[in-house]
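This is my_file_26.txt (compact mmCIF, C-alpha atoms).
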# COMPACT_ATOMS: atom_id res chain seq x y z
CA MET A 22 -28.56 -114.42 -3.88
CA THR A 23 -27.74 -116.76 -0.97
CA GLN A 24 -28.75 -115.84 2.57
CA GLN A 25 -25.10 -115.33 3.55
CA ASN A 26 -24.44 -113.05 0.57
CA ARG A 27 -27.64 -111.12 1.29
CA GLN A 28 -26.60 -110.53 4.91
CA TRP A 29 -23.17 -109.29 3.79
CA ALA A 30 -24.75 -106.98 1.20
CA VAL A 31 -27.19 -105.64 3.78
CA ARG A 32 -24.36 -104.82 6.21
CA VAL A 33 -22.34 -103.01 3.53
CA PHE A 34 -25.39 -101.12 2.29
CA VAL A 35 -26.23 -100.06 5.85
CA ALA A 36 -22.73 -98.54 6.01
CA VAL A 37 -23.40 -96.78 2.68
CA LEU A 38 -26.67 -95.39 4.03
CA ALA A 39 -24.91 -94.19 7.19
CA LEU A 40 -22.22 -92.34 5.21
CA THR A 41 -24.64 -90.79 2.70
CA ALA A 42 -26.95 -89.72 5.54
CA LEU A 43 -24.06 -88.03 7.34
CA ALA A 44 -23.06 -86.28 4.12
CA ASN A 45 -26.62 -85.22 3.42
CA GLY A 46 -27.10 -83.95 6.96
CA LEU A 47 -23.89 -81.92 6.78
CA GLY A 48 -24.78 -80.55 3.34
CA ASN A 49 -28.47 -80.22 2.54
CA ASN A 50 -29.58 -79.36 6.04
CA ILE A 51 -27.47 -76.21 6.21
CA LEU A 52 -28.04 -74.91 2.67
CA SER A 53 -30.71 -72.40 3.73
CA ASN A 54 -28.29 -70.87 6.25
CA TYR A 55 -25.49 -71.02 3.67
CA PHE A 56 -27.59 -69.04 1.18
CA ASN A 57 -28.65 -66.58 3.87
CA GLU A 58 -25.26 -65.91 5.47
CA VAL A 59 -22.96 -66.12 2.44
CA PHE A 60 -25.16 -64.71 -0.35
CA HIS A 61 -27.81 -62.76 1.67
CA ILE A 62 -30.85 -63.76 -0.42
CA ASP A 63 -34.51 -62.87 0.30
CA SER A 64 -37.61 -65.13 0.39
CA VAL A 65 -38.39 -64.66 -3.32
CA GLN A 66 -34.81 -65.51 -4.31
CA ARG A 67 -34.96 -68.50 -1.94
CA GLY A 68 -37.89 -69.83 -3.94
CA PHE A 69 -36.24 -69.26 -7.32
CA ILE A 70 -32.90 -70.75 -6.28
CA GLU A 71 -34.68 -74.09 -6.04
CA ILE A 72 -34.87 -74.19 -9.85
CA PRO A 73 -31.17 -75.08 -10.39
CA ARG A 74 -31.21 -77.14 -7.19
CA GLU A 75 -34.21 -79.27 -8.11
CA SER A 76 -34.05 -79.37 -11.93
CA PRO A 77 -31.63 -82.35 -11.80
CA GLY A 78 -34.58 -84.37 -10.54
CA ILE A 79 -36.23 -83.95 -13.95
CA LEU A 80 -33.12 -85.32 -15.65
CA CYS A 81 -33.11 -88.35 -13.38
CA MET A 82 -35.35 -90.51 -15.59
CA VAL A 83 -33.18 -89.73 -18.62
CA LEU A 84 -29.99 -90.64 -16.75
CA VAL A 85 -31.43 -93.89 -15.38
CA ALA A 86 -32.63 -94.86 -18.87
CA ALA A 87 -29.25 -93.99 -20.42
CA LEU A 88 -27.12 -95.63 -17.71
CA GLY A 89 -29.38 -98.63 -17.12
CA PHE A 90 -26.82 -100.98 -18.66
CA LEU A 91 -24.54 -100.32 -15.66
CA GLY A 92 -26.96 -101.77 -13.13
CA ASN A 93 -28.23 -100.13 -9.95
CA LEU A 94 -24.98 -100.41 -8.00
CA TRP A 95 -22.64 -98.97 -10.63
CA MET A 96 -25.15 -96.18 -11.30
CA SER A 97 -25.00 -95.48 -7.56
CA VAL A 98 -21.21 -95.16 -7.79
CA VAL A 99 -21.66 -92.58 -10.57
CA ALA A 100 -24.31 -90.75 -8.53
CA GLN A 101 -22.18 -90.46 -5.40
CA GLY A 102 -19.21 -89.42 -7.53
CA LEU A 103 -21.20 -86.40 -8.72
CA VAL A 104 -22.15 -85.59 -5.13
CA LEU A 105 -18.46 -85.72 -4.20
CA VAL A 106 -17.51 -83.23 -6.95
CA GLY A 107 -20.10 -80.76 -5.65
CA PHE A 108 -18.86 -81.10 -2.07
CA ILE A 109 -15.25 -80.54 -3.13
CA VAL A 110 -16.07 -77.24 -4.88
CA MET A 111 -18.47 -75.87 -2.24
CA GLY A 112 -16.37 -77.12 0.67
CA TRP A 113 -12.85 -76.22 -0.36
CA LEU A 114 -12.92 -73.70 -3.23
CA SER A 115 -15.17 -70.88 -1.90
CA PRO A 116 -17.03 -70.35 -5.21
CA GLY A 117 -18.83 -67.15 -6.18
CA TYR A 118 -22.61 -67.12 -6.56
CA GLY A 119 -22.67 -68.21 -10.21
CA MET A 120 -20.10 -70.99 -9.77
CA MET A 121 -21.87 -72.13 -6.61
CA LEU A 122 -25.09 -72.58 -8.59
CA VAL A 123 -23.26 -74.67 -11.22
CA PHE A 124 -21.71 -77.08 -8.73
CA MET A 125 -24.79 -77.14 -6.54
CA PHE A 126 -26.48 -78.43 -9.72
CA VAL A 127 -23.78 -81.14 -10.11
CA HIS A 128 -24.09 -82.11 -6.43
CA SER A 129 -27.87 -82.18 -6.70
CA LEU A 130 -27.73 -84.25 -9.90
CA GLY A 131 -25.85 -86.98 -8.03
CA MET A 132 -28.18 -86.84 -5.05
CA HIS A 133 -31.28 -87.12 -7.20
CA LEU A 134 -29.86 -89.95 -9.29
CA PHE A 135 -29.17 -91.89 -6.08
CA MET A 136 -32.72 -91.51 -4.72
CA PRO A 137 -34.54 -94.09 -6.89
CA LEU A 138 -31.46 -96.34 -6.84
CA ASN A 139 -31.43 -96.27 -3.04
CA ASP A 140 -35.07 -97.42 -2.91
CA ALA A 141 -34.58 -100.06 -5.61
CA ILE A 142 -31.48 -101.54 -3.94
CA SER A 143 -33.22 -101.50 -0.54
CA MET A 144 -36.19 -103.47 -1.90
CA ASP A 145 -33.87 -105.88 -3.75
CA LEU A 146 -32.19 -106.70 -0.43
CA ALA A 147 -35.49 -107.29 1.40
CA GLU A 148 -36.66 -110.75 2.37
CA GLN A 149 -39.89 -112.09 0.90
CA GLY A 150 -42.92 -110.57 2.63
CA LYS A 151 -40.85 -108.06 4.60
CA VAL A 152 -40.35 -105.27 2.08
CA GLY A 153 -42.08 -102.63 4.19
CA THR A 154 -40.25 -103.70 7.35
CA THR A 155 -36.90 -103.61 5.52
CA LEU A 156 -37.62 -100.16 4.08
CA GLY A 157 -38.52 -98.98 7.57
CA ARG A 158 -35.28 -100.32 9.05
CA PHE A 159 -33.15 -98.75 6.32
CA LYS A 160 -35.04 -95.49 6.73
CA GLY A 161 -34.37 -95.72 10.47
CA VAL A 162 -30.61 -96.03 9.82
CA THR A 163 -30.71 -93.03 7.49
CA THR A 164 -32.67 -91.02 10.05
CA LEU A 165 -30.29 -91.99 12.88
CA PHE A 166 -27.22 -90.78 10.97
CA ASN A 167 -29.04 -87.65 9.82
CA LEU A 168 -29.54 -87.11 13.55
CA ALA A 169 -25.80 -87.58 14.17
CA ALA A 170 -25.07 -85.02 11.43
CA ALA A 171 -27.50 -82.56 13.01
CA VAL A 172 -25.73 -82.97 16.37
CA LEU A 173 -22.39 -82.21 14.67
CA VAL A 174 -23.90 -79.16 12.96
CA PHE A 175 -25.36 -77.86 16.22
CA PHE A 176 -22.20 -78.17 18.29
CA GLY A 177 -20.01 -77.13 15.36
CA PHE A 178 -21.81 -73.85 14.78
CA ARG A 179 -22.57 -73.20 18.46
CA SER A 180 -18.88 -73.57 19.36
CA GLY A 181 -17.64 -71.62 16.33
CA PHE A 182 -15.74 -74.63 14.94
CA PHE A 183 -18.04 -74.54 11.87
CA SER A 184 -18.46 -71.26 10.04
CA PHE A 185 -19.68 -70.00 6.67
CA HIS A 186 -17.04 -67.27 6.69
CA THR A 187 -13.89 -69.38 6.33
CA ARG A 188 -12.26 -70.48 3.07
CA THR A 189 -12.92 -74.15 3.87
CA ILE A 190 -16.53 -74.75 4.88
CA LEU A 191 -15.98 -77.74 7.15
CA PRO A 192 -19.49 -79.30 7.05
CA PHE A 193 -19.26 -79.55 3.25
CA ALA A 194 -15.68 -80.81 3.44
CA ILE A 195 -16.57 -83.55 5.94
CA GLY A 196 -19.60 -84.42 3.81
CA GLY A 197 -17.22 -84.92 0.89
CA ILE A 198 -15.07 -87.34 2.91
CA CYS A 199 -18.16 -89.35 3.88
CA THR A 200 -19.29 -89.42 0.25
CA ALA A 201 -15.89 -90.71 -0.86
CA GLY A 202 -16.30 -93.59 1.60
CA ALA A 203 -19.75 -94.36 0.17
CA VAL A 204 -18.32 -94.43 -3.37
CA VAL A 205 -15.73 -97.04 -2.31
CA LEU A 206 -18.29 -99.27 -0.55
CA LEU A 207 -20.74 -99.11 -3.45
CA ALA A 208 -17.96 -100.06 -5.86
CA VAL A 209 -17.10 -103.06 -3.65
CA MET A 210 -20.78 -104.13 -3.68
CA ALA A 211 -20.96 -103.68 -7.45
CA MET A 212 -17.82 -105.75 -8.08
CA SER A 213 -19.06 -108.48 -5.77
CA SER A 214 -22.56 -108.78 -7.26
CA GLY A 215 -21.90 -108.21 -10.97
CA GLN A 216 -24.56 -106.55 -13.14
CA ARG A 217 -27.45 -107.05 -10.72
CA GLY A 218 -30.34 -104.79 -11.70
CA ALA A 219 -29.02 -103.99 -15.19
CA VAL A 220 -31.69 -102.91 -17.67
CA LYS A 221 -31.47 -103.91 -21.32
CA ASN A 222 -34.35 -101.71 -22.47
CA HIS A 223 -33.22 -98.10 -21.97
CA LYS A 224 -36.42 -96.40 -23.11
CA LEU A 225 -38.27 -94.05 -20.78
CA LEU A 226 -41.12 -95.89 -19.11
CA PHE A 227 -44.66 -94.54 -18.70
CA ARG A 228 -47.64 -96.80 -18.01
CA LYS A 229 -51.26 -95.95 -17.24
CA ARG A 230 -51.15 -98.66 -14.58
CA TYR A 231 -48.61 -96.60 -12.62
CA MET A 232 -50.75 -93.45 -12.54
CA PRO A 233 -51.40 -93.66 -8.75
CA TYR A 234 -47.64 -93.63 -8.18
CA TYR A 235 -47.17 -90.63 -10.48
CA MET A 236 -49.96 -88.82 -8.61
CA VAL A 237 -48.42 -89.24 -5.16
CA THR A 238 -45.00 -88.18 -6.44
CA LEU A 239 -46.58 -85.09 -8.03
CA ALA A 240 -48.09 -84.21 -4.66
CA TYR A 241 -44.83 -85.00 -2.88
CA GLY A 242 -43.01 -82.50 -5.09
CA CYS A 243 -45.22 -79.76 -3.66
CA GLN A 244 -45.16 -81.07 -0.09
CA LYS A 245 -41.39 -81.43 -0.01
CA ARG A 246 -41.03 -77.68 -0.58
CA ILE A 247 -42.29 -77.27 2.98
CA LYS A 248 -39.60 -79.54 4.43
CA ILE A 249 -36.70 -78.20 2.36
CA VAL A 250 -37.54 -74.53 1.86
CA PHE A 251 -40.41 -72.88 3.65
CA ALA A 252 -40.60 -74.49 7.11
CA PRO A 253 -36.87 -73.79 7.70
CA TRP A 254 -37.35 -70.30 6.25
CA VAL A 255 -40.00 -69.58 8.89
CA VAL A 256 -37.41 -70.33 11.59
CA ILE A 257 -34.55 -68.52 9.82
CA ASN A 258 -36.36 -65.50 8.38
CA LEU A 259 -39.26 -64.85 10.77
CA LEU A 260 -37.59 -65.96 14.01
CA GLY A 261 -34.09 -64.85 12.98
CA GLN A 262 -32.46 -68.10 14.10
CA GLY A 263 -29.13 -69.48 12.87
CA ALA A 264 -27.82 -72.87 11.78
CA ASP A 265 -27.46 -74.10 15.37
CA THR A 266 -31.19 -73.69 16.09
CA VAL A 267 -32.16 -75.33 12.80
CA ALA A 268 -29.79 -78.17 13.73
CA LEU A 269 -31.49 -78.58 17.13
CA LEU A 270 -34.86 -78.82 15.42
CA THR A 271 -33.41 -81.32 12.96
CA ILE A 272 -32.17 -83.38 15.92
CA ALA A 273 -35.71 -83.40 17.34
CA VAL A 274 -37.15 -84.42 13.94
CA HIS A 275 -34.68 -87.27 13.56
CA LEU A 276 -35.13 -88.50 17.14
CA ALA A 277 -38.84 -88.81 16.43
CA GLY A 278 -38.11 -90.25 12.97
CA THR A 279 -35.90 -93.09 14.27
CA TRP A 280 -39.00 -94.36 16.08
CA MET A 281 -41.52 -93.40 13.42
CA ALA A 282 -39.83 -94.97 10.35
CA PRO A 283 -39.83 -98.61 11.56
CA VAL A 284 -43.43 -98.19 12.75
CA ILE A 285 -44.53 -96.98 9.31
CA GLY A 286 -42.64 -99.88 7.70
CA LYS A 287 -44.44 -102.46 9.86
CA MET A 288 -47.79 -100.73 9.24
CA LEU A 289 -47.14 -100.99 5.50
CA ASP A 290 -46.74 -104.76 5.70
CA ARG A 291 -49.82 -105.05 7.93
CA LEU A 292 -52.26 -102.50 6.46
CA GLY A 293 -51.19 -102.30 2.81
CA VAL A 294 -50.72 -99.34 0.51
CA LYS A 295 -54.31 -98.12 0.24
CA LYS A 296 -54.83 -97.51 3.96
CA MET A 297 -51.34 -96.07 4.43
CA LEU A 298 -51.92 -93.47 1.70
CA LEU A 299 -55.00 -92.32 3.63
CA VAL A 300 -53.00 -92.22 6.88
CA GLU A 301 -50.34 -90.15 5.09
CA ALA A 302 -52.93 -87.71 3.72
CA GLY A 303 -54.47 -87.26 7.17
CA TYR A 304 -51.09 -86.61 8.76
CA ILE A 305 -50.19 -84.01 6.13
CA ALA A 306 -53.53 -82.22 6.57
CA VAL A 307 -53.10 -81.95 10.35
CA SER A 308 -49.38 -81.09 10.45
CA PHE A 309 -49.34 -78.57 7.58
CA SER A 310 -52.45 -76.75 8.80
CA THR A 311 -50.89 -76.48 12.28
CA MET A 312 -47.64 -75.06 10.90
CA GLY A 313 -49.56 -72.65 8.66
CA LEU A 314 -51.56 -71.39 11.62
CA VAL A 315 -48.57 -70.69 13.88
CA ALA A 316 -46.49 -69.23 11.03
CA GLY A 317 -49.33 -66.84 10.19
CA LEU A 318 -49.61 -65.78 13.84
CA LEU A 319 -45.85 -65.24 13.97
CA ALA A 320 -45.81 -63.15 10.79
CA SER A 321 -48.70 -60.99 12.04
CA GLY A 322 -46.97 -60.28 15.35
CA ARG A 323 -49.43 -62.25 17.49
CA ILE A 324 -46.63 -64.62 18.51
CA ASP A 325 -43.74 -62.85 20.23
CA PRO A 326 -40.39 -64.32 19.07
CA ALA A 327 -38.92 -63.48 22.48
CA SER A 328 -41.57 -65.38 24.49
CA TRP A 329 -42.40 -69.00 25.34
CA GLN A 330 -44.74 -68.95 22.30
CA THR A 331 -41.71 -69.57 20.11
CA TRP A 332 -41.94 -73.18 21.28
CA LEU A 333 -45.28 -73.44 19.47
CA VAL A 334 -43.46 -72.67 16.23
CA TYR A 335 -40.74 -75.20 17.00
CA GLY A 336 -43.28 -77.90 17.87
CA ALA A 337 -45.26 -77.26 14.70
CA TYR A 338 -42.02 -77.36 12.67
CA VAL A 339 -41.11 -80.81 14.00
CA LEU A 340 -44.64 -82.16 13.44
CA CYS A 341 -44.67 -80.74 9.92
CA VAL A 342 -41.26 -81.98 8.73
CA LEU A 343 -41.89 -85.52 10.03
CA PHE A 344 -44.24 -86.15 7.08
CA GLU A 345 -41.08 -87.09 5.14
CA GLN A 346 -41.06 -90.46 6.90
CA PHE A 347 -44.07 -91.51 4.79
CA ASN A 348 -42.03 -91.35 1.58
CA MET A 349 -41.33 -95.09 1.80
CA VAL A 350 -45.06 -95.68 1.17
CA HIS A 351 -44.61 -94.40 -2.39
CA SER A 352 -41.71 -96.73 -3.22
CA TYR A 353 -43.54 -99.67 -1.65
CA MET A 354 -46.60 -98.88 -3.76
CA MET A 355 -44.50 -98.88 -6.93
CA ARG A 356 -43.03 -102.26 -6.04
CA ALA A 357 -46.51 -103.62 -5.31
CA ILE A 358 -48.09 -102.54 -8.61
CA ALA A 359 -45.08 -103.20 -10.89
CA LEU A 360 -45.76 -105.50 -13.83
CA ASP A 361 -42.11 -106.60 -13.81
CA PRO A 362 -39.35 -106.11 -11.19
CA SER A 363 -37.05 -104.73 -13.93
CA GLU A 364 -39.43 -101.76 -14.31
CA VAL A 365 -39.18 -100.62 -10.69
CA THR A 366 -35.99 -98.52 -10.92
CA ARG A 367 -37.00 -96.84 -14.18
CA THR A 368 -40.49 -96.05 -12.88
CA LEU A 369 -39.10 -94.71 -9.60
CA SER A 370 -36.88 -92.41 -11.67
CA VAL A 371 -39.85 -91.23 -13.74
CA GLY A 372 -41.75 -90.58 -10.51
CA LEU A 373 -38.81 -88.59 -9.17
CA SER A 374 -38.81 -86.50 -12.33
CA VAL A 375 -42.57 -85.87 -11.98
CA ASP A 376 -41.93 -84.86 -8.36
CA HIS A 377 -39.32 -82.34 -9.47
CA VAL A 378 -41.37 -80.83 -12.26
CA MET A 379 -43.83 -79.92 -9.52
CA ALA A 380 -40.98 -78.80 -7.24
CA ILE A 381 -39.61 -76.37 -9.82
CA ILE A 382 -43.07 -74.94 -10.41
CA ALA A 383 -44.09 -74.85 -6.75
CA SER A 384 -40.98 -73.28 -5.21
CA PRO A 385 -41.09 -69.87 -6.95
CA VAL A 386 -44.90 -69.82 -6.86
CA MET A 387 -44.87 -70.43 -3.10
CA GLY A 388 -42.20 -67.76 -2.67
CA VAL A 389 -44.46 -65.27 -4.44
CA ILE A 390 -47.50 -66.41 -2.39
CA TRP A 391 -45.53 -65.82 0.84
CA HIS A 392 -44.47 -62.34 -0.31
CA ALA A 393 -47.86 -61.27 -1.71
CA TRP A 394 -50.47 -62.87 0.58
CA GLY A 395 -48.74 -64.34 3.62
CA VAL A 396 -46.80 -67.35 4.83
CA GLN A 397 -49.88 -69.27 6.03
CA TYR A 398 -51.16 -69.65 2.46
CA VAL A 399 -47.98 -71.48 1.45
CA PHE A 400 -48.90 -74.22 3.93
CA VAL A 401 -52.54 -74.22 2.81
CA VAL A 402 -51.48 -74.91 -0.80
CA ALA A 403 -49.18 -77.73 0.29
CA MET A 404 -51.90 -79.17 2.53
CA LEU A 405 -54.41 -79.29 -0.34
CA SER A 406 -51.97 -81.35 -2.39
CA ALA A 407 -52.68 -84.26 -0.01
CA LEU A 408 -55.89 -84.77 -2.01
CA PHE A 409 -53.65 -86.53 -4.55
CA GLN A 410 -52.80 -89.13 -1.90
CA VAL A 411 -56.51 -89.64 -1.29
CA ALA A 412 -57.18 -90.02 -5.03
CA ALA A 413 -54.28 -92.49 -5.39
CA ALA A 414 -55.68 -94.53 -2.50
CA VAL A 415 -59.07 -94.71 -4.22
CA MET A 416 -57.38 -95.96 -7.39
CA THR A 417 -55.27 -98.56 -5.55
CA GLU A 418 -56.68 -102.05 -5.10
CA ARG A 419 -55.26 -102.77 -1.66

Can the structure from this file be put into structure tokens for me?
Amino acid sequence: MTQQNRQWAVRVFVAVLALTALANGLGNNILSNYFNEVFHIDSVQRGFIEIPRESPGILCMVLVAALGFLGNLWMSVVAQGLVLVGFIVMGWLSPGYGMMLVFMFVHSLGMHLFMPLNDAISMDLAEQGKVGTTLGRFKGVTTLFNLAAAVLVFFGFRSGFFSFHTRTILPFAIGGICTAGAVVLLAVMAMSSGQRGAVKNHKLLFRKRYMPYYMVTLAYGCQKRIKIVFAPWVVINLLGQGADTVALLTIAVHLAGTWMAPVIGKMLDRLGVKKMLLVEAGYIAVSFSTMGLVAGLLASGRIDPASWQTWLVYGAYVLCVLFEQFNMVHSYMMRAIALDPSEVTRTLSVGLSVDHVMAIIASPVMGVIWHAWGVQYVFVVAMLSALFQVAAAVMTER
């Protein structure tokens, strides 16, 4: 690829990332409130509902292997098309609980298929020696437009313009429009670059060499439950806050993330994978233990939801959810240890599937732990999973 073509592709892909981030921010970030206000579920149901939501992640490696002949860009078109179908049903058709679960599965299938493709395309567009920096910049764009979506969610729900009690749920509908734009841009990229990234061997790929990568994705499957399910549920269920408050916290997370992502990317290029895995493990240990402590105090009544102490919960929430910015370390590690560049996308998809096997197991288990023993132990379990990052660092050469 010439430098001019690379620059054009980077600009178009940045626009794709902006649109998909807006769609994700208007969709995924309000799902907990959607479940709570429309279907009135409890904490145990909230854990179990993650099974149909996260099971598409297990299918990801099968889909990537089966559709590998299309190449990364055309597979991305298929992925965002599935996301669009889910948005159309949830946004415009007011489905019942059972139908919602079906099309949430379709929506989630597209989102999960796009995850490894996003990382693979991002690394393909990087200049030599600047993979970490490029990942950081792309992550910064995604975080910035997630922030914009959170601002829209906050003002939309605070003003009453957005509501879960209308036939058309506007955040989902707008997310669908953004996704349609991403589909068009990805198709333009695919037609301009041909079959770049196509895989001739469609077999599932497992290698002993990639075990450190599988280990960190296994841990990430557990840790991500905190970001997606249980940290927001502390704010929603224990503090009784609505979508506007969750949106404000999301804004704070993304403001911090727009600074944090490029820093992590530069640190990756400078320090290497081994040291960054240890930094990630340390951050998870500190942030999750802090959130577990304040959530336990809140649940026991030692933090008054009506007092200034609520800000301790909010601060711990932001610190905790920011761990997501380290996810680029895992993709970078896979790129660094790959025997062949053609194996990167397939191995990322296998890692995503490993991640979601853990997610499906961890979500209901953590829901039961919360109900039976207390919320703080959910964060303790997730914190202990950081030992996998430490083990992967020991196994990594540099």

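Of the listed residues A:Leu369, A:Val401, A:Met232, A:Ile390, the one whose atoms come nearest to A:Ser308 is A:Val401, with distances taken using all atoms listed in the file.
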
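Interatomic distance, atom CA of A:Val339 to atom CA of A:Gln397: 16.5 Å.
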
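The shortest atom-to-atom distance to A:Leu88, with only C-alpha atoms taken into account, belongs to A:Leu138 out of A:Leu138, A:Pro116, A:Tyr304, A:Gly286.
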
Tell me, as number ranges by chain, which residues lie within 12 Å of A:Met136, counting all atoms listed in the file; anything in the same chain fewer than 2 positions away does not count. A: 38, 41-42, 45, 77-78, 81-82, 85, 93, 96-97, 100-101, 129-134, 138-143, 348-349, 352, 366-367, 369-374, 376

Distance atom CA of A:Met281-atom CA of A:Leu165, one decimal place?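 These two atoms are separated by 11.3 Å.
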
Selection: 7 Å around A:Ile272, all atoms listed in the file, excl. self and same-chain fewer than 6 positions, as a VMD selection string: chain A and resid 168 171 to 172

Out of A:Ile285, A:Ile79, A:Cys341, A:Ala44, which residue has the shortest atom-to-atom distance to A:Ile195 when counting all atoms listed in the file?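 Looking at the shortest contact to A:Ile195, the residue is A:Ala44.
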
With all atoms listed in the file as the counted atoms, please give the residues lying no more than 10 Å from stretch 260-264 of chain A, apart from itself and same-chain residues fewer than 4 positions off, as an mmCIF file with C-alpha atoms, in the frame of the given file.
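Generated output (out_39.cif):
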data_model
loop_
_atom_site.group_PDB
_atom_site.id
_atom_site.type_symbol
_atom_site.label_atom_id
_atom_site.label_comp_id
_atom_site.auth_asym_id
_atom_site.auth_seq_id
_atom_site.Cartn_x
_atom_site.Cartn_y
_atom_site.Cartn_z
ATOM 1 C CA ASN A 50 -29.580 -79.360 6.040
ATOM 2 C CA ILE A 51 -27.470 -76.210 6.210
ATOM 3 C CA LEU A 52 -28.040 -74.910 2.670
ATOM 4 C CA SER A 53 -30.710 -72.400 3.730
ATOM 5 C CA ASN A 54 -28.290 -70.870 6.250
ATOM 6 C CA TYR A 55 -25.490 -71.020 3.670
ATOM 7 C CA ASN A 57 -28.650 -66.580 3.870
ATOM 8 C CA GLU A 58 -25.260 -65.910 5.470
ATOM 9 C CA ALA A 171 -27.500 -82.560 13.010
ATOM 10 C CA VAL A 174 -23.900 -79.160 12.960
ATOM 11 C CA PHE A 175 -25.360 -77.860 16.220
ATOM 12 C CA GLY A 177 -20.010 -77.130 15.360
ATOM 13 C CA PHE A 178 -21.810 -73.850 14.780
ATOM 14 C CA ARG A 179 -22.570 -73.200 18.460
ATOM 15 C CA PHE A 183 -18.040 -74.540 11.870
ATOM 16 C CA SER A 184 -18.460 -71.260 10.040
ATOM 17 C CA PRO A 253 -36.870 -73.790 7.700
ATOM 18 C CA TRP A 254 -37.350 -70.300 6.250
ATOM 19 C CA VAL A 255 -40.000 -69.580 8.890
ATOM 20 C CA VAL A 256 -37.410 -70.330 11.590
ATOM 21 C CA ALA A 268 -29.790 -78.170 13.730
ATOM 22 C CA LEU A 269 -31.490 -78.580 17.130
ATOM 23 C CA LEU A 270 -34.860 -78.820 15.420
ATOM 24 C CA ALA A 316 -46.490 -69.230 11.030
ATOM 25 C CA LEU A 319 -45.850 -65.240 13.970
ATOM 26 C CA ALA A 320 -45.810 -63.150 10.790
ATOM 27 C CA ASP A 325 -43.740 -62.850 20.230
ATOM 28 C CA PRO A 326 -40.390 -64.320 19.070
ATOM 29 C CA ALA A 327 -38.920 -63.480 22.480
ATOM 30 C CA THR A 331 -41.710 -69.570 20.110
ATOM 31 C CA VAL A 334 -43.460 -72.670 16.230
#

Calculate how many Å separate atom CA of A:Pro233 from atom CA of A:Ala407, rounding to one decimal. 12.9 Å

Could you give me, as a CSV table (one decimal) with C-alpha atoms, keeping the file's coordinate frame, the residues within 9 Å of A:Val98, counting all atoms listed in the file and dropping anything in the same chain fewer than 4 positions from it?
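Writing done, so here's out_23.csv:
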chain,number,residue,atom,x,y,z
A,93,ASN,CA,-28.2,-100.1,-10.0
A,94,LEU,CA,-25.0,-100.4,-8.0
A,102,GLY,CA,-19.2,-89.4,-7.5
A,103,LEU,CA,-21.2,-86.4,-8.7
A,135,PHE,CA,-29.2,-91.9,-6.1
A,203,ALA,CA,-19.8,-94.4,0.2
A,204,VAL,CA,-18.3,-94.4,-3.4
A,205,VAL,CA,-15.7,-97.0,-2.3
A,206,LEU,CA,-18.3,-99.3,-0.6
A,207,LEU,CA,-20.7,-99.1,-3.4
A,208,ALA,CA,-18.0,-100.1,-5.9
A,211,ALA,CA,-21.0,-103.7,-7.4

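Proximity to A:Lys248 was assessed for A:Ile305, A:Ala169, A:Val284, A:Leu298 counting all atoms listed in the file; the smallest distance is recorded for A:Ile305.
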
Using only C-alpha atoms, give me every residue within 12 Å of (-26.8, -96.5, 9.3) in file coordinates, as a PDB file with C-alpha atoms, keeping the file's coordinate frame.
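This went into part.pdb:
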ATOM      1  CA  VAL A  31     -27.190-105.640   3.780  1.00  0.00           C
ATOM      2  CA  ARG A  32     -24.360-104.820   6.210  1.00  0.00           C
ATOM      3  CA  VAL A  33     -22.340-103.010   3.530  1.00  0.00           C
ATOM      4  CA  PHE A  34     -25.390-101.120   2.290  1.00  0.00           C
ATOM      5  CA  VAL A  35     -26.230-100.060   5.850  1.00  0.00           C
ATOM      6  CA  ALA A  36     -22.730 -98.540   6.010  1.00  0.00           C
ATOM      7  CA  VAL A  37     -23.400 -96.780   2.680  1.00  0.00           C
ATOM      8  CA  LEU A  38     -26.670 -95.390   4.030  1.00  0.00           C
ATOM      9  CA  ALA A  39     -24.910 -94.190   7.190  1.00  0.00           C
ATOM     10  CA  LEU A  40     -22.220 -92.340   5.210  1.00  0.00           C
ATOM     11  CA  THR A  41     -24.640 -90.790   2.700  1.00  0.00           C
ATOM     12  CA  ALA A  42     -26.950 -89.720   5.540  1.00  0.00           C
ATOM     13  CA  LEU A  43     -24.060 -88.030   7.340  1.00  0.00           C
ATOM     14  CA  ARG A 158     -35.280-100.320   9.050  1.00  0.00           C
ATOM     15  CA  PHE A 159     -33.150 -98.750   6.320  1.00  0.00           C
ATOM     16  CA  LYS A 160     -35.040 -95.490   6.730  1.00  0.00           C
ATOM     17  CA  GLY A 161     -34.370 -95.720  10.470  1.00  0.00           C
ATOM     18  CA  VAL A 162     -30.610 -96.030   9.820  1.00  0.00           C
ATOM     19  CA  THR A 163     -30.710 -93.030   7.490  1.00  0.00           C
ATOM     20  CA  THR A 164     -32.670 -91.020  10.050  1.00  0.00           C
ATOM     21  CA  LEU A 165     -30.290 -91.990  12.880  1.00  0.00           C
ATOM     22  CA  PHE A 166     -27.220 -90.780  10.970  1.00  0.00           C
ATOM     23  CA  ASN A 167     -29.040 -87.650   9.820  1.00  0.00           C
ATOM     24  CA  LEU A 168     -29.540 -87.110  13.550  1.00  0.00           C
ATOM     25  CA  ALA A 169     -25.800 -87.580  14.170  1.00  0.00           C
ATOM     26  CA  ALA A 170     -25.070 -85.020  11.430  1.00  0.00           C
ATOM     27  CA  ALA A 203     -19.750 -94.360   0.170  1.00  0.00           C
ATOM     28  CA  THR A 279     -35.900 -93.090  14.270  1.00  0.00           C
TER      29      THR A 279
END
